[in-house]
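S.K.: One file is attached below, protein_32.cif, containing mmCIF, C-alpha atoms.
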```
data_query
#
loop_
_atom_site.group_PDB
_atom_site.id
_atom_site.type_symbol
_atom_site.label_atom_id
_atom_site.label_comp_id
_atom_site.auth_asym_id
_atom_site.auth_seq_id
_atom_site.Cartn_x
_atom_site.Cartn_y
_atom_site.Cartn_z
ATOM 1 C CA MET A 1 -96.845 128.098 108.139
ATOM 2 C CA PHE A 2 -94.813 131.109 109.231
ATOM 3 C CA LYS A 3 -95.378 133.954 111.673
ATOM 4 C CA GLY A 4 -95.926 137.490 110.493
ATOM 5 C CA ILE A 5 -97.729 140.724 111.236
ATOM 6 C CA LEU A 6 -100.854 140.901 109.108
ATOM 7 C CA ILE A 7 -102.820 144.111 108.563
ATOM 8 C CA GLU A 8 -106.471 143.505 107.683
ATOM 9 C CA LYS A 9 -109.343 145.862 106.981
ATOM 10 C CA ASP A 10 -113.111 145.340 107.064
ATOM 11 C CA GLU A 11 -116.277 147.236 107.983
ATOM 12 C CA HIS A 12 -114.992 147.511 111.560
ATOM 13 C CA GLY A 13 -111.790 149.250 110.474
ATOM 14 C CA LEU A 14 -108.105 148.392 110.231
ATOM 15 C CA ARG A 15 -106.259 146.089 112.619
ATOM 16 C CA ALA A 16 -102.775 144.617 112.807
ATOM 17 C CA ALA A 17 -101.998 141.341 114.573
ATOM 18 C CA LEU A 18 -99.245 138.749 114.783
ATOM 19 C CA LYS A 19 -100.581 135.635 113.051
ATOM 20 C CA ASP A 20 -99.655 132.235 111.677
ATOM 21 C CA ILE A 21 -99.736 132.582 107.876
ATOM 22 C CA ASP A 22 -99.887 129.749 105.356
ATOM 23 C CA ASP A 23 -97.044 129.631 102.823
ATOM 24 C CA GLY A 24 -99.671 129.472 100.096
ATOM 25 C CA ALA A 25 -100.761 133.012 100.950
ATOM 26 C CA LEU A 26 -97.397 134.491 99.940
ATOM 27 C CA PRO A 27 -97.668 136.832 96.941
ATOM 28 C CA GLU A 28 -96.160 136.204 93.540
ATOM 29 C CA GLY A 29 -92.409 136.553 93.156
ATOM 30 C CA ASN A 30 -89.357 134.742 91.847
ATOM 31 C CA VAL A 31 -87.327 134.761 95.086
ATOM 32 C CA THR A 32 -88.410 133.505 98.500
ATOM 33 C CA VAL A 33 -86.396 134.849 101.433
ATOM 34 C CA ARG A 34 -86.160 133.473 104.944
ATOM 35 C CA VAL A 35 -86.152 136.759 106.854
ATOM 36 C CA ALA A 36 -83.561 137.131 109.607
ATOM 37 C CA ALA A 37 -84.291 140.713 110.623
ATOM 38 C CA SER A 38 -86.466 143.646 109.698
ATOM 39 C CA THR A 39 -86.990 147.085 111.157
ATOM 40 C CA LEU A 40 -89.581 149.722 111.975
ATOM 41 C CA ASN A 41 -89.566 152.894 109.910
ATOM 42 C CA TYR A 42 -91.938 155.843 110.155
ATOM 43 C CA LYS A 43 -93.877 154.485 107.179
ATOM 44 C CA ASP A 44 -94.231 151.109 108.935
ATOM 45 C CA GLY A 45 -95.632 152.925 111.951
ATOM 46 C CA LEU A 46 -98.216 154.633 109.747
ATOM 47 C CA ALA A 47 -99.139 151.303 108.150
ATOM 48 C CA ILE A 48 -99.506 149.339 111.400
ATOM 49 C CA THR A 49 -101.484 152.013 113.240
ATOM 50 C CA GLY A 50 -103.539 153.084 110.234
ATOM 51 C CA LYS A 51 -102.715 156.744 110.935
ATOM 52 C CA SER A 52 -102.136 157.311 107.221
ATOM 53 C CA PRO A 53 -103.388 155.288 104.241
ATOM 54 C CA VAL A 54 -99.985 154.021 103.118
ATOM 55 C CA VAL A 55 -101.224 150.430 102.678
ATOM 56 C CA ARG A 56 -102.683 150.112 99.205
ATOM 57 C CA LYS A 57 -104.268 146.652 99.457
ATOM 58 C CA PHE A 58 -105.303 144.183 102.147
ATOM 59 C CA PRO A 59 -104.373 141.933 103.760
ATOM 60 C CA MET A 60 -100.804 143.265 103.969
ATOM 61 C CA VAL A 61 -97.622 142.275 105.755
ATOM 62 C CA PRO A 62 -95.892 145.569 106.603
ATOM 63 C CA GLY A 63 -92.155 146.183 106.662
ATOM 64 C CA ILE A 64 -90.327 148.197 104.000
ATOM 65 C CA ASP A 65 -86.977 146.593 104.900
ATOM 66 C CA LEU A 66 -85.670 143.085 105.337
ATOM 67 C CA ALA A 67 -82.431 141.134 105.454
ATOM 68 C CA GLY A 68 -82.238 137.393 105.140
ATOM 69 C CA THR A 69 -81.257 134.340 103.118
ATOM 70 C CA VAL A 70 -82.613 133.129 99.798
ATOM 71 C CA GLU A 71 -84.674 129.985 100.351
ATOM 72 C CA ALA A 72 -85.877 129.463 96.764
ATOM 73 C CA SER A 73 -85.164 131.301 93.518
ATOM 74 C CA SER A 74 -85.983 131.225 89.826
ATOM 75 C CA HIS A 75 -84.214 134.557 89.306
ATOM 76 C CA PRO A 76 -80.848 134.332 87.499
ATOM 77 C CA ASP A 77 -79.057 136.645 89.951
ATOM 78 C CA TRP A 78 -79.894 134.730 93.123
ATOM 79 C CA GLN A 79 -79.114 131.259 94.403
ATOM 80 C CA VAL A 80 -80.312 129.399 97.483
ATOM 81 C CA GLY A 81 -78.213 130.525 100.440
ATOM 82 C CA ASP A 82 -77.421 134.038 99.153
ATOM 83 C CA ALA A 83 -77.591 136.774 101.801
ATOM 84 C CA VAL A 84 -79.722 139.684 100.627
ATOM 85 C CA VAL A 85 -81.134 143.062 101.653
ATOM 86 C CA LEU A 86 -84.275 144.789 100.461
ATOM 87 C CA ASN A 87 -85.293 148.442 100.876
ATOM 88 C CA GLY A 88 -88.366 150.086 99.420
ATOM 89 C CA TRP A 89 -89.932 149.241 96.030
ATOM 90 C CA GLY A 90 -93.383 149.610 97.601
ATOM 91 C CA VAL A 91 -92.864 146.535 99.768
ATOM 92 C CA GLY A 92 -95.001 146.740 102.905
ATOM 93 C CA GLU A 93 -97.445 149.007 101.042
ATOM 94 C CA GLY A 94 -98.500 147.232 97.851
ATOM 95 C CA HIS A 95 -96.522 143.966 98.209
ATOM 96 C CA TRP A 96 -96.034 141.894 101.358
ATOM 97 C CA GLY A 97 -93.021 143.085 103.326
ATOM 98 C CA GLY A 98 -90.412 142.151 105.868
ATOM 99 C CA LEU A 99 -92.231 141.911 109.209
ATOM 100 C CA ALA A 100 -92.658 138.150 108.855
ATOM 101 C CA GLU A 101 -90.506 135.044 108.873
ATOM 102 C CA LYS A 102 -90.808 134.681 105.070
ATOM 103 C CA ALA A 103 -91.115 137.019 102.093
ATOM 104 C CA ARG A 104 -91.637 136.314 98.407
ATOM 105 C CA LEU A 105 -90.259 139.056 96.206
ATOM 106 C CA ASN A 106 -89.125 140.201 92.795
ATOM 107 C CA GLY A 107 -85.413 139.393 92.622
ATOM 108 C CA ASP A 108 -84.738 142.697 90.843
ATOM 109 C CA TRP A 109 -85.500 144.467 94.115
ATOM 110 C CA LEU A 110 -82.732 142.724 96.074
ATOM 111 C CA VAL A 111 -79.109 143.679 96.633
ATOM 112 C CA PRO A 112 -76.378 141.544 98.204
ATOM 113 C CA LEU A 113 -75.894 141.866 101.942
ATOM 114 C CA PRO A 114 -72.412 143.417 102.280
ATOM 115 C CA PRO A 115 -70.055 141.012 104.101
ATOM 116 C CA ALA A 116 -69.264 143.803 106.562
ATOM 117 C CA PHE A 117 -72.765 143.544 108.065
ATOM 118 C CA THR A 118 -74.817 140.923 109.855
ATOM 119 C CA PRO A 119 -78.538 140.961 108.949
ATOM 120 C CA ALA A 120 -79.276 142.766 112.220
ATOM 121 C CA GLN A 121 -76.636 145.415 111.486
ATOM 122 C CA ALA A 122 -78.041 145.878 107.977
ATOM 123 C CA MET A 123 -81.449 146.490 109.528
ATOM 124 C CA ALA A 124 -79.985 148.864 112.092
ATOM 125 C CA ILE A 125 -79.088 150.824 108.973
ATOM 126 C CA GLY A 126 -82.232 149.956 106.996
ATOM 127 C CA THR A 127 -84.026 152.336 104.670
ATOM 128 C CA ALA A 128 -83.255 155.179 107.071
ATOM 129 C CA GLY A 129 -79.495 154.674 106.904
ATOM 130 C CA TYR A 130 -79.535 153.879 103.206
ATOM 131 C CA THR A 131 -81.483 157.118 102.634
ATOM 132 C CA ALA A 132 -78.954 159.027 104.744
ATOM 133 C CA MET A 133 -76.179 157.610 102.544
ATOM 134 C CA LEU A 134 -78.063 158.682 99.409
ATOM 135 C CA CYS A 135 -78.168 162.213 100.848
ATOM 136 C CA VAL A 136 -74.421 162.159 101.517
ATOM 137 C CA LEU A 137 -73.788 160.921 97.976
ATOM 138 C CA ALA A 138 -75.946 163.770 96.635
ATOM 139 C CA LEU A 139 -73.938 166.324 98.621
ATOM 140 C CA GLU A 140 -70.729 164.836 97.218
ATOM 141 C CA ARG A 141 -72.044 164.819 93.638
ATOM 142 C CA HIS A 142 -72.767 168.528 93.979
ATOM 143 C CA GLY A 143 -69.236 169.181 95.225
ATOM 144 C CA VAL A 144 -69.838 169.861 98.938
ATOM 145 C CA LYS A 145 -66.588 169.191 100.824
ATOM 146 C CA PRO A 146 -65.854 169.066 104.567
ATOM 147 C CA SER A 147 -63.789 172.239 104.239
ATOM 148 C CA ASP A 148 -66.770 174.183 102.861
ATOM 149 C CA GLY A 149 -68.473 174.663 106.220
ATOM 150 C CA GLU A 150 -71.199 173.331 108.489
ATOM 151 C CA ILE A 151 -73.767 170.752 107.417
ATOM 152 C CA ALA A 152 -77.208 170.942 109.053
ATOM 153 C CA VAL A 153 -79.104 167.713 109.750
ATOM 154 C CA THR A 154 -82.749 168.192 110.691
ATOM 155 C CA GLY A 155 -84.751 165.587 112.570
ATOM 156 C CA ALA A 156 -81.346 164.530 113.805
ATOM 157 C CA ALA A 157 -82.485 162.166 116.556
ATOM 158 C CA GLY A 158 -84.621 160.128 114.148
ATOM 159 C CA GLY A 159 -83.496 157.185 112.050
ATOM 160 C CA VAL A 160 -82.316 159.030 108.933
ATOM 161 C CA GLY A 161 -80.915 161.901 110.956
ATOM 162 C CA SER A 162 -78.955 159.718 113.364
ATOM 163 C CA VAL A 163 -77.192 157.819 110.584
ATOM 164 C CA ALA A 164 -76.608 161.035 108.617
ATOM 165 C CA VAL A 165 -74.905 162.630 111.626
ATOM 166 C CA ALA A 166 -72.686 159.565 112.125
ATOM 167 C CA LEU A 167 -71.773 159.312 108.426
ATOM 168 C CA LEU A 168 -71.023 162.993 107.935
ATOM 169 C CA ALA A 169 -68.919 163.166 111.097
ATOM 170 C CA LYS A 170 -66.909 160.087 110.068
ATOM 171 C CA LEU A 171 -66.265 161.721 106.664
ATOM 172 C CA GLY A 172 -64.898 164.849 108.340
ATOM 173 C CA TYR A 173 -67.847 167.227 108.024
ATOM 174 C CA THR A 174 -68.800 169.625 110.829
ATOM 175 C CA VAL A 175 -72.369 168.686 111.713
ATOM 176 C CA ALA A 176 -75.053 170.846 113.306
ATOM 177 C CA ALA A 177 -77.835 168.569 114.544
ATOM 178 C CA VAL A 178 -81.324 170.076 114.673
ATOM 179 C CA THR A 179 -83.767 168.333 117.011
ATOM 180 C CA GLY A 180 -86.947 168.894 118.960
ATOM 181 C CA ARG A 181 -85.629 166.621 121.700
ATOM 182 C CA PRO A 182 -83.040 168.589 123.706
ATOM 183 C CA GLN A 183 -82.595 165.600 126.021
ATOM 184 C CA GLU A 184 -80.871 163.833 123.103
ATOM 185 C CA ALA A 185 -78.019 166.362 122.891
ATOM 186 C CA ASP A 186 -75.450 164.020 124.461
ATOM 187 C CA TYR A 187 -76.555 161.185 122.167
ATOM 188 C CA LEU A 188 -76.138 163.372 119.081
ATOM 189 C CA LYS A 189 -72.719 164.549 120.192
ATOM 190 C CA GLN A 190 -71.684 160.918 120.690
ATOM 191 C CA LEU A 191 -72.685 160.315 117.073
ATOM 192 C CA GLY A 192 -70.400 163.161 116.025
ATOM 193 C CA ALA A 193 -72.479 166.347 116.036
ATOM 194 C CA ALA A 194 -70.409 169.449 116.777
ATOM 195 C CA THR A 195 -73.481 171.541 117.631
ATOM 196 C CA VAL A 196 -77.039 170.690 118.696
ATOM 197 C CA LEU A 197 -79.733 173.227 117.791
ATOM 198 C CA ASP A 198 -83.365 173.582 118.865
ATOM 199 C CA ARG A 199 -85.991 172.703 116.270
ATOM 200 C CA GLY A 200 -88.017 175.671 117.527
ATOM 201 C CA ASP A 201 -85.614 178.002 115.723
ATOM 202 C CA PHE A 202 -86.515 176.358 112.400
ATOM 203 C CA ASN A 203 -90.154 175.272 112.394
ATOM 204 C CA GLN A 204 -91.829 178.699 112.302
ATOM 205 C CA PRO A 205 -92.173 181.071 109.322
ATOM 206 C CA GLY A 206 -88.859 182.797 108.656
ATOM 207 C CA LYS A 207 -87.295 185.338 106.333
ATOM 208 C CA PRO A 208 -86.918 184.692 102.590
ATOM 209 C CA LEU A 209 -83.163 185.058 103.134
ATOM 210 C CA ALA A 210 -81.360 184.690 106.441
ATOM 211 C CA LYS A 211 -77.722 184.918 107.485
ATOM 212 C CA GLU A 212 -75.618 182.447 105.512
ATOM 213 C CA ARG A 213 -74.542 179.462 107.592
ATOM 214 C CA TRP A 214 -74.924 176.023 105.974
ATOM 215 C CA ALA A 215 -72.666 174.728 103.225
ATOM 216 C CA GLY A 216 -75.087 171.826 102.948
ATOM 217 C CA ALA A 217 -77.937 170.109 104.699
ATOM 218 C CA VAL A 218 -79.812 166.844 105.091
ATOM 219 C CA ASP A 219 -83.473 167.639 105.708
ATOM 220 C CA THR A 220 -85.912 164.971 106.902
ATOM 221 C CA VAL A 221 -88.632 167.368 108.028
ATOM 222 C CA GLY A 222 -89.932 169.533 105.173
ATOM 223 C CA SER A 223 -92.304 172.492 105.605
ATOM 224 C CA HIS A 224 -90.965 175.584 107.427
ATOM 225 C CA THR A 225 -87.864 173.735 108.578
ATOM 226 C CA LEU A 226 -86.747 173.048 105.018
ATOM 227 C CA ALA A 227 -87.623 176.600 103.951
ATOM 228 C CA ASN A 228 -85.546 178.081 106.790
ATOM 229 C CA VAL A 229 -82.603 175.791 106.076
ATOM 230 C CA CYS A 230 -82.621 176.893 102.425
ATOM 231 C CA ALA A 231 -82.791 180.553 103.503
ATOM 232 C CA SER A 232 -79.646 180.104 105.637
ATOM 233 C CA THR A 233 -77.596 178.119 103.115
ATOM 234 C CA THR A 234 -74.399 179.733 101.868
ATOM 235 C CA TYR A 235 -73.748 180.792 98.293
ATOM 236 C CA GLY A 236 -73.613 177.672 96.096
ATOM 237 C CA GLY A 237 -74.633 175.399 98.955
ATOM 238 C CA VAL A 238 -76.707 172.232 98.610
ATOM 239 C CA VAL A 239 -79.752 171.089 100.588
ATOM 240 C CA THR A 240 -80.879 167.466 100.244
ATOM 241 C CA ALA A 241 -84.546 166.817 101.004
ATOM 242 C CA CYS A 242 -85.661 163.281 101.854
ATOM 243 C CA GLY A 243 -88.499 163.513 104.378
ATOM 244 C CA LEU A 244 -91.710 165.196 105.478
ATOM 245 C CA ALA A 245 -91.990 164.532 109.215
ATOM 246 C CA GLY A 246 -92.988 168.186 109.680
ATOM 247 C CA GLY A 247 -95.242 168.415 106.634
ATOM 248 C CA PHE A 248 -95.171 168.047 102.863
ATOM 249 C CA ASP A 249 -95.582 171.758 102.158
ATOM 250 C CA LEU A 250 -92.674 174.067 101.306
ATOM 251 C CA PRO A 251 -93.535 177.665 102.296
ATOM 252 C CA ALA A 252 -90.392 179.130 100.742
ATOM 253 C CA THR A 253 -89.412 181.750 98.162
ATOM 254 C CA VAL A 254 -87.103 181.500 95.160
ATOM 255 C CA MET A 255 -84.668 183.940 96.783
ATOM 256 C CA PRO A 256 -82.050 181.405 98.016
ATOM 257 C CA PHE A 257 -81.992 179.761 94.605
ATOM 258 C CA ILE A 258 -81.738 182.847 92.378
ATOM 259 C CA LEU A 259 -79.646 185.097 94.635
ATOM 260 C CA ARG A 260 -77.304 182.552 96.233
ATOM 261 C CA GLY A 261 -77.336 179.724 93.711
ATOM 262 C CA VAL A 262 -78.543 177.252 96.330
ATOM 263 C CA THR A 263 -79.382 173.753 95.054
ATOM 264 C CA LEU A 264 -82.338 171.842 96.473
ATOM 265 C CA ALA A 265 -81.672 168.168 95.697
ATOM 266 C CA GLY A 266 -84.502 165.698 96.135
ATOM 267 C CA VAL A 267 -83.544 162.239 97.422
ATOM 268 C CA ASP A 268 -85.812 159.223 96.869
ATOM 269 C CA SER A 269 -84.968 155.847 98.377
ATOM 270 C CA VAL A 270 -88.031 153.825 97.332
ATOM 271 C CA MET A 271 -87.481 153.622 93.572
ATOM 272 C CA ALA A 272 -83.765 154.441 93.386
ATOM 273 C CA PRO A 273 -82.050 152.444 90.604
ATOM 274 C CA LYS A 274 -80.053 149.362 91.521
ATOM 275 C CA ALA A 275 -76.669 150.886 90.635
ATOM 276 C CA LEU A 276 -77.246 153.696 93.136
ATOM 277 C CA ARG A 277 -78.444 151.228 95.779
ATOM 278 C CA LEU A 278 -75.298 149.150 95.350
ATOM 279 C CA GLN A 279 -73.116 152.256 95.622
ATOM 280 C CA ALA A 280 -74.928 153.363 98.776
ATOM 281 C CA TRP A 281 -74.546 149.972 100.483
ATOM 282 C CA GLN A 282 -70.890 149.713 99.448
ATOM 283 C CA ARG A 283 -70.220 153.136 100.928
ATOM 284 C CA LEU A 284 -72.109 152.301 104.114
ATOM 285 C CA ALA A 285 -69.812 149.294 104.529
ATOM 286 C CA THR A 286 -66.749 151.557 104.503
ATOM 287 C CA ASP A 287 -67.993 154.920 105.830
ATOM 288 C CA LEU A 288 -70.280 154.046 108.734
ATOM 289 C CA ASP A 289 -68.654 153.480 112.107
ATOM 290 C CA LEU A 290 -70.243 150.213 113.244
ATOM 291 C CA ALA A 291 -69.540 151.134 116.865
ATOM 292 C CA LYS A 292 -72.102 153.922 116.442
ATOM 293 C CA LEU A 293 -74.833 151.430 115.516
ATOM 294 C CA GLY A 294 -75.028 150.355 119.137
ATOM 295 C CA LEU A 295 -75.874 153.933 120.140
ATOM 296 C CA ILE A 296 -78.454 154.234 117.380
ATOM 297 C CA THR A 297 -80.207 150.870 117.711
ATOM 298 C CA ARG A 298 -82.912 149.295 119.842
ATOM 299 C CA THR A 299 -83.769 145.623 119.176
ATOM 300 C CA ILE A 300 -87.268 144.202 119.644
ATOM 301 C CA SER A 301 -89.125 140.984 118.827
ATOM 302 C CA LEU A 302 -91.720 140.594 116.082
ATOM 303 C CA ALA A 303 -94.449 140.517 118.743
ATOM 304 C CA GLU A 304 -93.330 143.908 120.074
ATOM 305 C CA ALA A 305 -93.480 145.629 116.686
ATOM 306 C CA ILE A 306 -97.147 146.622 116.954
ATOM 307 C CA PRO A 307 -96.946 148.605 120.238
ATOM 308 C CA VAL A 308 -93.570 150.096 119.309
ATOM 309 C CA ALA A 309 -95.065 151.347 116.025
ATOM 310 C CA GLN A 310 -97.287 153.695 118.040
ATOM 311 C CA GLN A 311 -94.320 154.848 120.140
ATOM 312 C CA LEU A 312 -92.477 155.641 116.918
ATOM 313 C CA LEU A 313 -95.288 157.891 115.691
ATOM 314 C CA ASP A 314 -95.482 159.549 119.111
ATOM 315 C CA GLY A 315 -91.839 160.624 118.832
ATOM 316 C CA GLN A 316 -90.765 158.361 121.700
ATOM 317 C CA VAL A 317 -88.197 156.383 119.702
ATOM 318 C CA ARG A 318 -84.741 157.656 118.874
ATOM 319 C CA GLY A 319 -82.498 156.220 116.204
ATOM 320 C CA ARG A 320 -83.337 152.839 114.717
ATOM 321 C CA VAL A 321 -85.515 149.907 115.765
ATOM 322 C CA VAL A 322 -84.373 146.450 114.643
ATOM 323 C CA VAL A 323 -86.966 143.676 114.612
ATOM 324 C CA GLN A 324 -85.138 140.410 115.255
ATOM 325 C CA ILE A 325 -87.076 137.667 113.467
ATOM 326 C CA ALA A 326 -84.772 134.648 113.218
ATOM 327 C CA ALA A 327 -83.402 133.200 116.451
#
```
Taking this structure as input, can you express it in the form of structure tokens?

M.R.:
Amino acid sequence: MFKGILIEKDEHGLRAALKDIDDGALPEGNVTVRVAASTLNYKDGLAITGKSPVVRKFPMVPGIDLAGTVEASSHPDWQVGDAVVLNGWGVGEGHWGGLAEKARLNGDWLVPLPPAFTPAQAMAIGTAGYTAMLCVLALERHGVKPSDGEIAVTGAAGGVGSVAVALLAKLGYTVAAVTGRPQEADYLKQLGAATVLDRGDFNQPGKPLAKERWAGAVDTVGSHTLANVCASTTYGGVVTACGLAGGFDLPATVMPFILRGVTLAGVDSVMAPKALRLQAWQRLATDLDLAKLGLITRTISLAEAIPVAQQLLDGQVRGRVVVQIAA
């Protein structure tokens, strides 16, 4: 038996509870992992509360991230005792995830835990930080350099935004953090933001083209915010889009793209190929200031994950939430 959060659904609705689960209930997979730490992402909050139908089958153990140690393996890449990390691949939605003491997985989904990180530190980064690194890599691939000008980060006080601010600042970029939480201005400046801007200036309908300001951007919000960021991006600038906290619509025009040569680069973390995942984690090990993780991170127990999931959706959580599972 092992402890885990189990989401069940019946005629009375959906409910999530911390339960004792029999090992025999674990799904199919060629690697079993003893989970040391997991985390709460926005998608986990949606799954646990049932606010959005992200869970595709029941019962389900949520948790799109995990870090731990291989306990059993028939996969050629993994041996008992290997330290591993998992992000995405539909885990926590269609396959049991990381908010439990054990997980059984497809070994192709795993990457090695970089020696620079403990499992808890890897989960302080989690899918949010790994996604932020994918955005930085996309900016670099498109040639955006620190000398080119300001980089906007929207949803800056959230998980992806917080890590993006810290990464970009460490790499020498000038970061403008956009947030709806003005009380987090000092926090964002500690992470490295040069400027903190009010979300209210971005989340309403704007002009097709606005004054050029951003050499690049990391957008976690979507909707009007993304449209306004694109409208203010400088000639040849690059906007990476990785989130939809403000909506999945894009009420924009083609003007920034055909008159200023702006690039809108989509960033997906869930199904990203293994080579890109490895590159992202290798870069996180060298480019993320671990001292900043303490500012970004709150640690909770597995039992606390259910109430904190609601706080996350209510916008009451800044940065990252690590769920400590192993003692």

S.K.: Exactly which residues make up the result of the PyMOL selection byres ((chain A and resi 106) around 7) on this file, given as a ChimeraX atom specification?

M.R.: /A:29-31,105,107-109

S.K.: Apply the PyMOL selection byres ((chain A and resi 308-310) around 9) to the displayed file and report the matching residues as a count of residues only.

M.R.: 22

S.K.: Taking the file as shown, what set of residues would the PyMOL selection byres ((chain A and resi 120) around 8) give back, as a PyMOL selection string?

M.R.: chain A and resi 36-38+67+117-119+121-124+322+324

S.K.: Nearest residue to Ala193 of chain A out of A:Gly236, A:Gly161, A:Gly4, A:Pro76, using all atoms listed in the file?

M.R.: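 Counting all atoms listed in the file, the residue closest to Ala193 of chain A is A:Gly161.
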
S.K.: Using all atoms listed in the file, which residue out of A:Glu140, A:Glu150, A:Asp77, A:Glu8 lies closest to Glu212 of chain A?

M.R.: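 When distances to Glu212 of chain A are compared using all atoms listed in the file, the smallest one comes from A:Glu150.
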
S.K.: What are the centre and edge lengths in Å, to one decimal, of the axis-aligned box around all listed atoms of segment 207-225 of chain A with 4 Å added on each side, as AutoDock Vina command-line options?

M.R.:
```
--center_x -82.5 --center_y 175.2 --center_z 105.6 --size_x 27.6 --size_y 28.4 --size_z 14.0
```

S.K.: Between atom CA of Val80 of chain A and atom CA of Met1 of chain A, what is the distance in Å, rounded to a tenth?

M.R.: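 Computed distance, atom CA of Val80 of chain A to atom CA of Met1 of chain A, equals 19.7 Å.
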
S.K.: Excluding same-chain residues fewer than 5 positions from segment 241-246 of chain A, what lies within 10 Å of it counting only C-alpha atoms, as a PyMOL selection string?

M.R.: chain A and resi 42+128+131-132+134-135+154-155+158+160+203+217-226+264-269+313

S.K.: Considering all atoms listed in the file, can you say which of A:Thr127, A:Ser52, A:Thr179, A:Thr32 comes closest to Ile64 of chain A?

M.R.: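 Under the stated criterion, the closest residue is A:Thr127.
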
S.K.: Closest to Val136 of chain A among A:Lys207, A:Lys170, A:Lys3, A:Arg104, using all atoms listed in the file?

M.R.: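 Selected residue with least distance to Val136 of chain A: A:Lys170.
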
S.K.: Just the number, please: distance in Å from atom CA of Val262 of chain A to atom CA of Val238 of chain A, one decimal.

M.R.: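 Spanning atom CA of Val262 of chain A to atom CA of Val238 of chain A is a straight-line distance of 5.8 Å.
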
S.K.: Restricting the calculation to all atoms listed in the file, which member of A:Ala157, A:Val196, A:Ser162, A:Leu99 is positioned closest to Thr39 of chain A?

M.R.: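 Ranked by minimum distance to Thr39 of chain A, first place goes to A:Leu99.
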
S.K.: Which one of A:Ala138, A:Asp249, A:Leu191, A:Leu276 sits closest to Ala291 of chain A if you count only C-alpha atoms?

M.R.: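 Using only C-alpha atoms, the shortest distance to Ala291 of chain A belongs to A:Leu191.
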
S.K.: Using all atoms listed in the file, what table do you get, as JSON lines, when you list each residue of segment 177-217 of chain A with an atom no more than 12 Å from segment 143-146 of chain A, its nearest pair of atoms, and their distance in Å rounded to one decimal, rows by chain then rising number?

M.R.:
```
{"residue": "A:Trp214", "atom": "CA", "partner": "A:Val144", "partner_atom": "CA", "distance": 10.6}
{"residue": "A:Ala215", "atom": "CA", "partner": "A:Val144", "partner_atom": "CA", "distance": 7.1}
{"residue": "A:Gly216", "atom": "CA", "partner": "A:Val144", "partner_atom": "CA", "distance": 6.9}
{"residue": "A:Ala217", "atom": "CA", "partner": "A:Val144", "partner_atom": "CA", "distance": 9.9}
```

S.K.: So that I can check the surroundings of Val33 of chain A, please list as a ChimeraX atom specification every protein, DNA and RNA residue that reaches within 6 Å of it, counting all atoms listed in the file and ignoring chain neighbours fewer than 5 positions away.

M.R.: /A:69-71,102-103

S.K.: Rounded to one decimal, what separation in Å do you get between atom CA of Ser232 of chain A and atom CA of Pro208 of chain A?

M.R.: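 Computing the Euclidean distance for atom CA of Ser232 of chain A and atom CA of Pro208 of chain A yields 9.1 Å.
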
S.K.: Compile the contact shell of Arg277 of chain A as a PDB file with C-alpha atoms, keeping the file's coordinate frame: residues with an atom at most 12 Å away, counting all atoms listed in the file, same-chain residues fewer than 2 positions apart removed.

M.R.:
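Once everything was written out, this is part23.pdb:
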```pdb
ATOM      1  CA  VAL A  85     -81.134 143.062 101.653  1.00  0.00           C
ATOM      2  CA  LEU A  86     -84.275 144.789 100.461  1.00  0.00           C
ATOM      3  CA  ASN A  87     -85.293 148.442 100.876  1.00  0.00           C
ATOM      4  CA  GLY A  88     -88.366 150.086  99.420  1.00  0.00           C
ATOM      5  CA  TRP A  89     -89.932 149.241  96.030  1.00  0.00           C
ATOM      6  CA  ASP A 108     -84.738 142.697  90.843  1.00  0.00           C
ATOM      7  CA  TRP A 109     -85.500 144.467  94.115  1.00  0.00           C
ATOM      8  CA  LEU A 110     -82.732 142.724  96.074  1.00  0.00           C
ATOM      9  CA  VAL A 111     -79.109 143.679  96.633  1.00  0.00           C
ATOM     10  CA  PRO A 112     -76.378 141.544  98.204  1.00  0.00           C
ATOM     11  CA  LEU A 113     -75.894 141.866 101.942  1.00  0.00           C
ATOM     12  CA  PRO A 114     -72.412 143.417 102.280  1.00  0.00           C
ATOM     13  CA  GLY A 126     -82.232 149.956 106.996  1.00  0.00           C
ATOM     14  CA  THR A 127     -84.026 152.336 104.670  1.00  0.00           C
ATOM     15  CA  GLY A 129     -79.495 154.674 106.904  1.00  0.00           C
ATOM     16  CA  TYR A 130     -79.535 153.879 103.206  1.00  0.00           C
ATOM     17  CA  THR A 131     -81.483 157.118 102.634  1.00  0.00           C
ATOM     18  CA  ALA A 132     -78.954 159.027 104.744  1.00  0.00           C
ATOM     19  CA  MET A 133     -76.179 157.610 102.544  1.00  0.00           C
ATOM     20  CA  LEU A 134     -78.063 158.682  99.409  1.00  0.00           C
ATOM     21  CA  LEU A 137     -73.788 160.921  97.976  1.00  0.00           C
ATOM     22  CA  ASP A 268     -85.812 159.223  96.869  1.00  0.00           C
ATOM     23  CA  SER A 269     -84.968 155.847  98.377  1.00  0.00           C
ATOM     24  CA  VAL A 270     -88.031 153.825  97.332  1.00  0.00           C
ATOM     25  CA  MET A 271     -87.481 153.622  93.572  1.00  0.00           C
ATOM     26  CA  ALA A 272     -83.765 154.441  93.386  1.00  0.00           C
ATOM     27  CA  PRO A 273     -82.050 152.444  90.604  1.00  0.00           C
ATOM     28  CA  LYS A 274     -80.053 149.362  91.521  1.00  0.00           C
ATOM     29  CA  ALA A 275     -76.669 150.886  90.635  1.00  0.00           C
ATOM     30  CA  GLN A 279     -73.116 152.256  95.622  1.00  0.00           C
ATOM     31  CA  ALA A 280     -74.928 153.363  98.776  1.00  0.00           C
ATOM     32  CA  TRP A 281     -74.546 149.972 100.483  1.00  0.00           C
ATOM     33  CA  GLN A 282     -70.890 149.713  99.448  1.00  0.00           C
ATOM     34  CA  ARG A 283     -70.220 153.136 100.928  1.00  0.00           C
ATOM     35  CA  LEU A 284     -72.109 152.301 104.114  1.00  0.00           C
TER      36      LEU A 284
END
```
